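Data from structure_18.txt: compact mmCIF, C-alpha atoms
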```
# COMPACT_ATOMS: atom_id res chain seq x y z
CA MET N 1 -2.69 38.29 106.89
CA ALA N 2 -2.72 41.00 104.18
CA CYS N 3 -2.39 38.34 101.49
CA GLU N 4 -5.30 36.42 102.99
CA THR N 5 -7.52 39.58 103.04
CA ARG N 6 -6.73 40.33 99.38
CA ALA N 7 -7.68 36.77 98.44
CA VAL N 8 -11.03 37.04 100.20
CA ARG N 9 -11.76 40.35 98.46
CA SER N 10 -10.84 38.98 95.03
CA LEU N 11 -13.13 36.01 95.57
CA SER N 12 -16.08 38.02 96.95
CA ALA N 13 -16.39 40.39 93.96
CA PRO N 14 -17.54 37.72 91.43
CA VAL N 15 -19.84 36.22 94.03
CA LEU N 16 -21.40 39.64 94.72
CA PHE N 17 -21.81 40.32 90.97
CA ALA N 18 -23.57 36.97 90.47
CA ALA N 19 -25.92 37.65 93.37
CA VAL N 20 -26.89 41.10 92.01
CA ALA N 21 -27.44 39.65 88.52
CA ALA N 22 -29.65 36.90 89.91
CA ILE N 23 -31.77 39.41 91.83
CA THR N 24 -32.11 41.64 88.72
CA LEU N 25 -33.15 38.76 86.47
CA SER N 26 -35.59 37.50 89.09
CA GLY N 27 -37.22 40.94 89.30
CA ALA N 28 -37.48 41.20 85.52
CA SER N 29 -39.09 37.79 85.36
CA THR N 30 -41.62 38.81 88.00
CA VAL N 31 -42.53 41.98 86.07
CA ALA N 32 -42.89 40.01 82.84
CA LYS N 33 -45.24 37.54 84.50
CA ALA N 34 -47.33 40.32 86.03
CA ALA N 35 -47.82 42.17 82.73
CA PRO N 36 -51.06 41.22 80.93
CA ALA N 37 -50.89 39.73 77.47
CA ALA N 38 -50.86 42.37 74.75
CA GLY N 39 -54.28 43.07 73.29
CA HIS N 40 -56.16 41.04 75.95
CA PHE N 41 -59.51 42.49 77.06
CA ALA N 42 -62.34 40.69 78.84
CA TRP N 43 -65.54 42.09 77.34
CA PRO N 44 -68.16 42.75 80.05
CA SER N 45 -71.40 40.79 79.87
CA SER N 46 -73.24 44.13 79.64
CA PHE N 47 -72.33 44.25 75.92
CA VAL N 48 -73.55 42.11 73.00
CA VAL N 49 -70.28 41.62 71.11
CA MET N 50 -70.35 40.62 67.44
CA GLY N 51 -67.47 39.27 65.36
CA ASN N 52 -63.83 38.78 66.28
CA GLY N 53 -62.45 42.21 65.49
CA TYR N 54 -63.29 45.50 63.78
CA PRO N 55 -62.53 46.63 61.14
CA HIS N 56 -60.36 43.51 60.68
CA ALA N 57 -60.31 40.12 62.40
CA GLY N 58 -58.04 40.24 65.42
CA ASP N 59 -58.44 44.01 65.97
CA ALA N 60 -59.21 45.21 69.49
CA CYS N 61 -62.54 46.89 68.64
CA ARG N 62 -65.81 45.00 68.10
CA ARG N 63 -69.21 45.67 66.58
CA LEU N 64 -71.87 45.93 69.27
CA GLY N 65 -75.47 44.72 69.24
CA GLU N 66 -78.35 46.01 71.30
CA SER N 67 -78.19 45.94 75.09
CA ALA N 68 -79.25 48.24 77.91
CA LEU N 69 -76.01 50.23 77.49
CA THR N 70 -76.20 50.60 73.69
CA ALA N 71 -79.93 50.86 72.90
CA ASP N 72 -79.86 54.67 72.68
CA TYR N 73 -77.05 54.65 70.10
CA LEU N 74 -78.39 52.08 67.62
CA ASP N 75 -80.49 52.93 64.58
CA HIS N 76 -80.60 52.19 60.86
CA THR N 77 -78.35 55.14 59.92
CA ALA N 78 -75.24 54.06 61.83
CA MET N 79 -73.24 51.13 63.16
CA LEU N 80 -72.03 50.99 66.76
CA VAL N 81 -68.48 49.90 67.55
CA GLY N 82 -66.83 49.48 70.94
CA CYS N 83 -63.10 49.94 71.60
CA PRO N 84 -61.47 48.95 74.91
CA GLY N 85 -60.04 51.91 76.82
CA PRO N 86 -60.46 55.67 76.41
CA GLY N 87 -61.36 57.56 73.25
CA ASP N 88 -57.74 58.55 72.64
CA SER N 89 -56.49 54.95 72.54
CA ALA N 90 -54.68 53.81 69.40
CA ALA N 91 -57.54 51.46 68.45
CA ALA N 92 -60.19 54.18 68.78
CA ARG N 93 -58.09 56.79 66.95
CA ALA N 94 -57.57 54.40 64.02
CA ILE N 95 -61.33 54.30 63.48
CA LEU N 96 -62.01 57.96 64.20
CA ASP N 97 -59.25 59.16 61.85
CA HIS N 98 -60.29 57.20 58.78
CA ARG N 99 -64.07 56.78 58.97
CA ARG N 100 -67.26 58.84 59.32
CA ALA N 101 -67.26 58.17 63.05
CA ARG N 102 -67.74 59.96 66.34
CA VAL N 103 -67.51 59.02 70.01
CA VAL N 104 -71.00 58.87 71.55
CA GLY N 105 -70.22 57.55 75.01
CA GLU N 106 -68.12 55.40 77.31
CA ALA N 107 -69.28 52.57 79.58
CA ASP N 108 -67.68 49.70 81.50
CA GLY N 109 -64.21 50.53 80.18
CA VAL N 110 -65.33 50.68 76.54
CA THR N 111 -65.47 53.71 74.24
CA LEU N 112 -68.63 53.70 72.10
CA ILE N 113 -68.17 54.91 68.52
CA SER N 114 -71.03 55.51 66.08
CA ILE N 115 -70.09 55.09 62.41
CA SER N 116 -72.38 56.70 59.88
CA ALA N 117 -73.77 54.41 57.21
CA SER N 118 -74.56 57.25 54.82
CA GLY N 119 -73.26 60.80 54.67
CA GLU N 120 -70.85 62.81 56.81
CA GLY N 121 -71.70 62.74 60.51
CA GLY N 122 -74.74 60.53 59.96
CA ARG N 123 -76.52 63.03 57.68
CA SER N 124 -78.12 61.85 54.48
CA ALA N 125 -76.06 62.30 51.33
CA ASP N 126 -79.03 64.24 49.87
CA SER N 127 -79.34 67.13 52.31
CA ARG N 128 -82.28 68.66 50.42
CA HIS N 129 -84.62 66.46 52.44
CA ASP N 130 -83.03 67.01 55.86
CA HIS N 131 -85.88 69.21 57.07
CA ALA N 132 -88.75 67.47 55.30
CA PRO N 133 -91.63 66.64 57.67
CA VAL N 134 -91.78 63.03 58.80
CA GLU N 135 -94.97 61.26 57.75
CA PRO N 136 -96.61 59.57 60.74
CA THR N 137 -96.68 55.78 60.71
CA ARG N 138 -99.98 54.34 59.49
CA PHE N 139 -100.84 51.55 61.91
CA SER N 140 -103.07 48.63 61.02
CA ALA N 141 -104.37 48.64 64.61
CA THR N 142 -103.63 50.22 67.98
CA GLY N 143 -104.22 49.28 71.60
CA THR N 144 -102.42 48.62 74.89
CA LEU N 145 -100.31 45.73 76.13
CA PRO N 146 -98.45 44.77 79.35
CA CYS N 147 -94.90 46.12 79.54
CA GLU N 148 -92.22 46.46 82.18
CA ARG N 149 -88.69 47.71 82.69
CA ALA N 150 -85.88 47.10 85.19
CA GLY N 151 -86.71 43.48 85.87
CA GLY N 152 -90.34 44.06 86.88
CA GLN N 153 -89.74 47.21 88.95
CA THR N 154 -91.70 49.29 86.42
CA ARG N 155 -94.72 47.31 85.24
CA THR N 156 -97.52 49.13 83.45
CA MET N 157 -99.63 49.14 80.30
CA CYS N 158 -98.08 50.67 77.18
CA ARG N 159 -99.83 51.92 74.07
CA PHE N 160 -98.86 50.17 70.85
CA GLY N 161 -99.44 50.35 67.13
CA ILE N 162 -98.94 47.48 64.69
CA VAL N 163 -98.03 47.58 61.03
CA ARG N 164 -99.01 44.38 59.22
CA HIS N 165 -97.26 43.68 55.93
CA GLY N 166 -98.38 41.79 52.82
CA ASP N 167 -96.00 38.90 53.49
CA ARG N 168 -97.70 38.35 56.90
CA SER N 169 -94.75 39.82 58.81
CA ALA N 170 -95.51 42.60 61.29
CA THR N 171 -93.91 45.45 63.20
CA VAL N 172 -95.15 46.37 66.68
CA VAL N 173 -94.23 49.85 67.95
CA ILE N 174 -94.66 50.30 71.71
CA SER N 175 -94.80 53.76 73.32
CA TRP N 176 -93.68 54.18 76.93
CA PRO N 177 -95.34 56.82 79.12
CA ASP N 178 -92.09 58.82 79.10
CA GLY N 179 -92.28 59.16 75.30
CA ARG N 180 -89.65 56.58 74.35
CA THR N 181 -90.60 53.97 71.78
CA ARG N 182 -89.57 50.42 70.95
CA ALA N 183 -90.17 48.70 67.61
CA ILE N 184 -90.22 44.88 67.50
CA PHE N 185 -90.07 43.19 64.10
CA PHE N 186 -91.80 39.82 63.61
CA ALA N 187 -91.32 37.43 60.68
CA ALA N 188 -94.33 35.76 59.07
CA SER N 189 -93.69 32.75 61.32
CA GLY N 190 -94.13 34.91 64.42
CA ARG N 191 -90.40 34.84 65.27
CA VAL N 192 -88.76 38.08 66.44
CA ILE N 193 -86.11 39.05 63.88
CA GLY N 194 -84.88 42.29 65.42
CA THR N 195 -85.69 45.53 67.18
CA GLY N 196 -85.43 49.25 66.58
CA ARG N 197 -86.93 52.55 67.71
CA LYS N 198 -89.32 53.26 64.84
CA ALA N 199 -91.38 51.21 62.39
CA ASP N 200 -89.16 52.22 59.45
CA ASP N 201 -85.88 51.26 61.17
CA GLN N 202 -83.85 48.34 59.91
CA PRO N 203 -84.21 45.40 62.35
CA VAL N 204 -81.16 45.12 64.58
CA PRO N 205 -80.52 41.69 66.11
CA GLY N 206 -79.56 41.85 69.77
CA ASN N 207 -80.09 40.35 73.20
CA THR N 208 -83.73 39.47 72.52
CA LEU N 209 -85.42 36.46 74.10
CA THR N 210 -88.93 35.29 73.19
CA GLN N 211 -91.05 32.74 75.03
CA LYS N 212 -94.50 31.42 74.16
CA SER N 213 -97.14 31.20 76.86
CA ALA N 214 -100.86 30.55 76.27
CA GLY N 215 -101.04 32.35 72.94
CA ALA N 216 -98.80 35.22 74.01
CA ASN N 217 -95.26 36.15 72.99
CA LEU N 218 -93.23 37.18 76.05
CA VAL N 219 -90.47 39.31 74.54
CA SER N 220 -87.43 40.35 76.62
CA ILE N 221 -85.03 43.01 75.33
CA GLY N 222 -82.37 43.79 77.91
CA ASP N 223 -84.33 44.89 80.99
CA GLU N 224 -87.54 45.49 78.98
CA ARG N 225 -90.43 43.01 78.89
CA TYR N 226 -93.45 42.96 76.56
CA GLU N 227 -96.44 40.65 76.24
CA ILE N 228 -97.73 40.53 72.64
CA THR N 229 -100.53 38.10 71.86
CA ASP N 230 -100.79 36.08 68.66
CA SER N 231 -104.17 37.70 68.02
CA VAL N 232 -102.54 41.13 67.89
CA LEU N 233 -100.01 39.92 65.31
CA ALA N 234 -102.65 38.14 63.20
CA GLY N 235 -105.25 40.90 63.45
CA GLU N 236 -107.93 38.63 64.90
```

Please, can you express the file's structure as structure tokens?
Amino acid sequence: MACETRAVRSLSAPVLFAAVAAITLSGASTVAKAAPAAGHFAWPSSFVVMGNGYPHAGDACRRLGESALTADYLDHTAMLVGCPGPGDSAAARAILDHRRARVVGEADGVTLISISASGEGGRSADSRHDHAPVEPTRFSATGTLPCERAGGQTRTMCRFGIVRHGDRSATVVISWPDGRTRAIFFAASGRVIGTGRKADDQPVPGNTLTQKSAGANLVSIGDERYEITDSVLAGE
């Protein structure tokens, strides 16, 4: 009987070891399958994503165009970049450590980084003119036009001024009652080529949609809507 018991014990040890190993490997396989692929990030539709990586192709960060979440951070003096995750992520730190950049916000799981296109911190390289008075824009004509925000929830009439250029292009600057402004840049053909905040901004392409309707240009920029007639653009 003792011999039989020893035989059972000697046979059960390898069997037990194999069972434990199988369970361990099975658990490791499950963990590996559950882990997301390295570097994978599904960009939310709330962003206008440009390119396939910043500063290099394949990098996690992306340049961002104009949308409702980024409109306040875009102008002609800086470029806006989004990095998945918090501001202390490796991707964000790589940009912040080596460029004239600063974190300006975070939205929908993305850290927003503004990168100066000129001097340190977005200041002009020639600081002698930092406090020079800004000359008001000289408009070719002024008036009012229909405007709305938040998908029609805020519909009103906005004041506008238009700057017509020698090449027949034009810039329309709309002023909201709360003091915010929107500049819309039109090519000579009447096509919208970009937007900004002021007439002297560089046009920034973004999520802009234009439709023609009975001599009017219905321009949508994020949740903003404007109705600009051809006669306003042509000066008729």

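Residue nearest Phe186 in chain N within the list N:Asn52, N:Ser89, N:Thr156, N:Asn217: N:Asn217 [criterion: smallest interatomic distance, only C-alpha atoms].
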
* Rounded to one decimal in Å, what is the spacing between CA of His40 in chain N and CA of Gly85 in chain N? -> 11.6 Å

* At a cut-off of 10 Å from (-96.6, 41.0, 70.4) in the coordinates of the file, what residues are picked up using only C-alpha atoms, written as a PyMOL selection string? -> chain N and resi 145-146+160+162+170-174+184-186+190+192+210+216-219+226-234

Print the selection's residues with C-alpha atoms to a file, as an mmCIF file, in the frame of the given file.
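part_37.cif written:
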```
data_model
loop_
_atom_site.group_PDB
_atom_site.id
_atom_site.type_symbol
_atom_site.label_atom_id
_atom_site.label_comp_id
_atom_site.auth_asym_id
_atom_site.auth_seq_id
_atom_site.Cartn_x
_atom_site.Cartn_y
_atom_site.Cartn_z
ATOM 1 C CA LEU N 145 -100.310 45.730 76.130
ATOM 2 C CA PRO N 146 -98.450 44.770 79.350
ATOM 3 C CA PHE N 160 -98.860 50.170 70.850
ATOM 4 C CA ILE N 162 -98.940 47.480 64.690
ATOM 5 C CA ALA N 170 -95.510 42.600 61.290
ATOM 6 C CA THR N 171 -93.910 45.450 63.200
ATOM 7 C CA VAL N 172 -95.150 46.370 66.680
ATOM 8 C CA VAL N 173 -94.230 49.850 67.950
ATOM 9 C CA ILE N 174 -94.660 50.300 71.710
ATOM 10 C CA ILE N 184 -90.220 44.880 67.500
ATOM 11 C CA PHE N 185 -90.070 43.190 64.100
ATOM 12 C CA PHE N 186 -91.800 39.820 63.610
ATOM 13 C CA GLY N 190 -94.130 34.910 64.420
ATOM 14 C CA VAL N 192 -88.760 38.080 66.440
ATOM 15 C CA THR N 210 -88.930 35.290 73.190
ATOM 16 C CA ALA N 216 -98.800 35.220 74.010
ATOM 17 C CA ASN N 217 -95.260 36.150 72.990
ATOM 18 C CA LEU N 218 -93.230 37.180 76.050
ATOM 19 C CA VAL N 219 -90.470 39.310 74.540
ATOM 20 C CA TYR N 226 -93.450 42.960 76.560
ATOM 21 C CA GLU N 227 -96.440 40.650 76.240
ATOM 22 C CA ILE N 228 -97.730 40.530 72.640
ATOM 23 C CA THR N 229 -100.530 38.100 71.860
ATOM 24 C CA ASP N 230 -100.790 36.080 68.660
ATOM 25 C CA SER N 231 -104.170 37.700 68.020
ATOM 26 C CA VAL N 232 -102.540 41.130 67.890
ATOM 27 C CA LEU N 233 -100.010 39.920 65.310
ATOM 28 C CA ALA N 234 -102.650 38.140 63.200
#
```

* Please indicate the distance in Å from CA of Ala94 in chain N to CA of Leu64 in chain N, rounded to one decimal place. => 17.4 Å

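What separates CA of Ile193 in chain N from CA of Pro205 in chain N is a distance of 6.6 Å.
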
* **Among the residues N:Gly53, N:Gly166, N:Gly143, N:Gly196, the one that comes closest to Cys83 in chain N [using all atoms listed in the file]** => N:Gly53

Counting only C-alpha atoms, what is within 12 Å of Val110 in chain N, bar same-chain residues fewer than 2 positions away, as a PDB file with C-alpha atoms, keeping the file's coordinate frame?
```pdb
ATOM      1  CA  PHE N  41     -59.510  42.490  77.060  1.00  0.00           C
ATOM      2  CA  ALA N  42     -62.340  40.690  78.840  1.00  0.00           C
ATOM      3  CA  TRP N  43     -65.540  42.090  77.340  1.00  0.00           C
ATOM      4  CA  PRO N  44     -68.160  42.750  80.050  1.00  0.00           C
ATOM      5  CA  SER N  46     -73.240  44.130  79.640  1.00  0.00           C
ATOM      6  CA  PHE N  47     -72.330  44.250  75.920  1.00  0.00           C
ATOM      7  CA  VAL N  49     -70.280  41.620  71.110  1.00  0.00           C
ATOM      8  CA  ALA N  60     -59.210  45.210  69.490  1.00  0.00           C
ATOM      9  CA  CYS N  61     -62.540  46.890  68.640  1.00  0.00           C
ATOM     10  CA  ARG N  62     -65.810  45.000  68.100  1.00  0.00           C
ATOM     11  CA  ARG N  63     -69.210  45.670  66.580  1.00  0.00           C
ATOM     12  CA  LEU N  64     -71.870  45.930  69.270  1.00  0.00           C
ATOM     13  CA  LEU N  69     -76.010  50.230  77.490  1.00  0.00           C
ATOM     14  CA  THR N  70     -76.200  50.600  73.690  1.00  0.00           C
ATOM     15  CA  LEU N  80     -72.030  50.990  66.760  1.00  0.00           C
ATOM     16  CA  VAL N  81     -68.480  49.900  67.550  1.00  0.00           C
ATOM     17  CA  GLY N  82     -66.830  49.480  70.940  1.00  0.00           C
ATOM     18  CA  CYS N  83     -63.100  49.940  71.600  1.00  0.00           C
ATOM     19  CA  PRO N  84     -61.470  48.950  74.910  1.00  0.00           C
ATOM     20  CA  GLY N  85     -60.040  51.910  76.820  1.00  0.00           C
ATOM     21  CA  PRO N  86     -60.460  55.670  76.410  1.00  0.00           C
ATOM     22  CA  GLY N  87     -61.360  57.560  73.250  1.00  0.00           C
ATOM     23  CA  ASP N  88     -57.740  58.550  72.640  1.00  0.00           C
ATOM     24  CA  SER N  89     -56.490  54.950  72.540  1.00  0.00           C
ATOM     25  CA  ALA N  91     -57.540  51.460  68.450  1.00  0.00           C
ATOM     26  CA  ALA N  92     -60.190  54.180  68.780  1.00  0.00           C
ATOM     27  CA  VAL N 103     -67.510  59.020  70.010  1.00  0.00           C
ATOM     28  CA  VAL N 104     -71.000  58.870  71.550  1.00  0.00           C
ATOM     29  CA  GLY N 105     -70.220  57.550  75.010  1.00  0.00           C
ATOM     30  CA  GLU N 106     -68.120  55.400  77.310  1.00  0.00           C
ATOM     31  CA  ALA N 107     -69.280  52.570  79.580  1.00  0.00           C
ATOM     32  CA  ASP N 108     -67.680  49.700  81.500  1.00  0.00           C
ATOM     33  CA  LEU N 112     -68.630  53.700  72.100  1.00  0.00           C
ATOM     34  CA  ILE N 113     -68.170  54.910  68.520  1.00  0.00           C
TER      35      ILE N 113
END
```

* Test item: residues at most 12 Å from Thr195 in chain N, all atoms listed in the file, excluding those fewer than 4 positions along its chain, as a ChimeraX atom specification -> /N:65-67,71,74-76,170-174,181-187,191,199-209,219-222,224

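Ranking N:Gln211, N:Asp97, N:Gly235, N:Arg149 by their shortest atom-to-atom distance to Val163 in chain N, with all atoms listed in the file included, puts N:Gly235 first.
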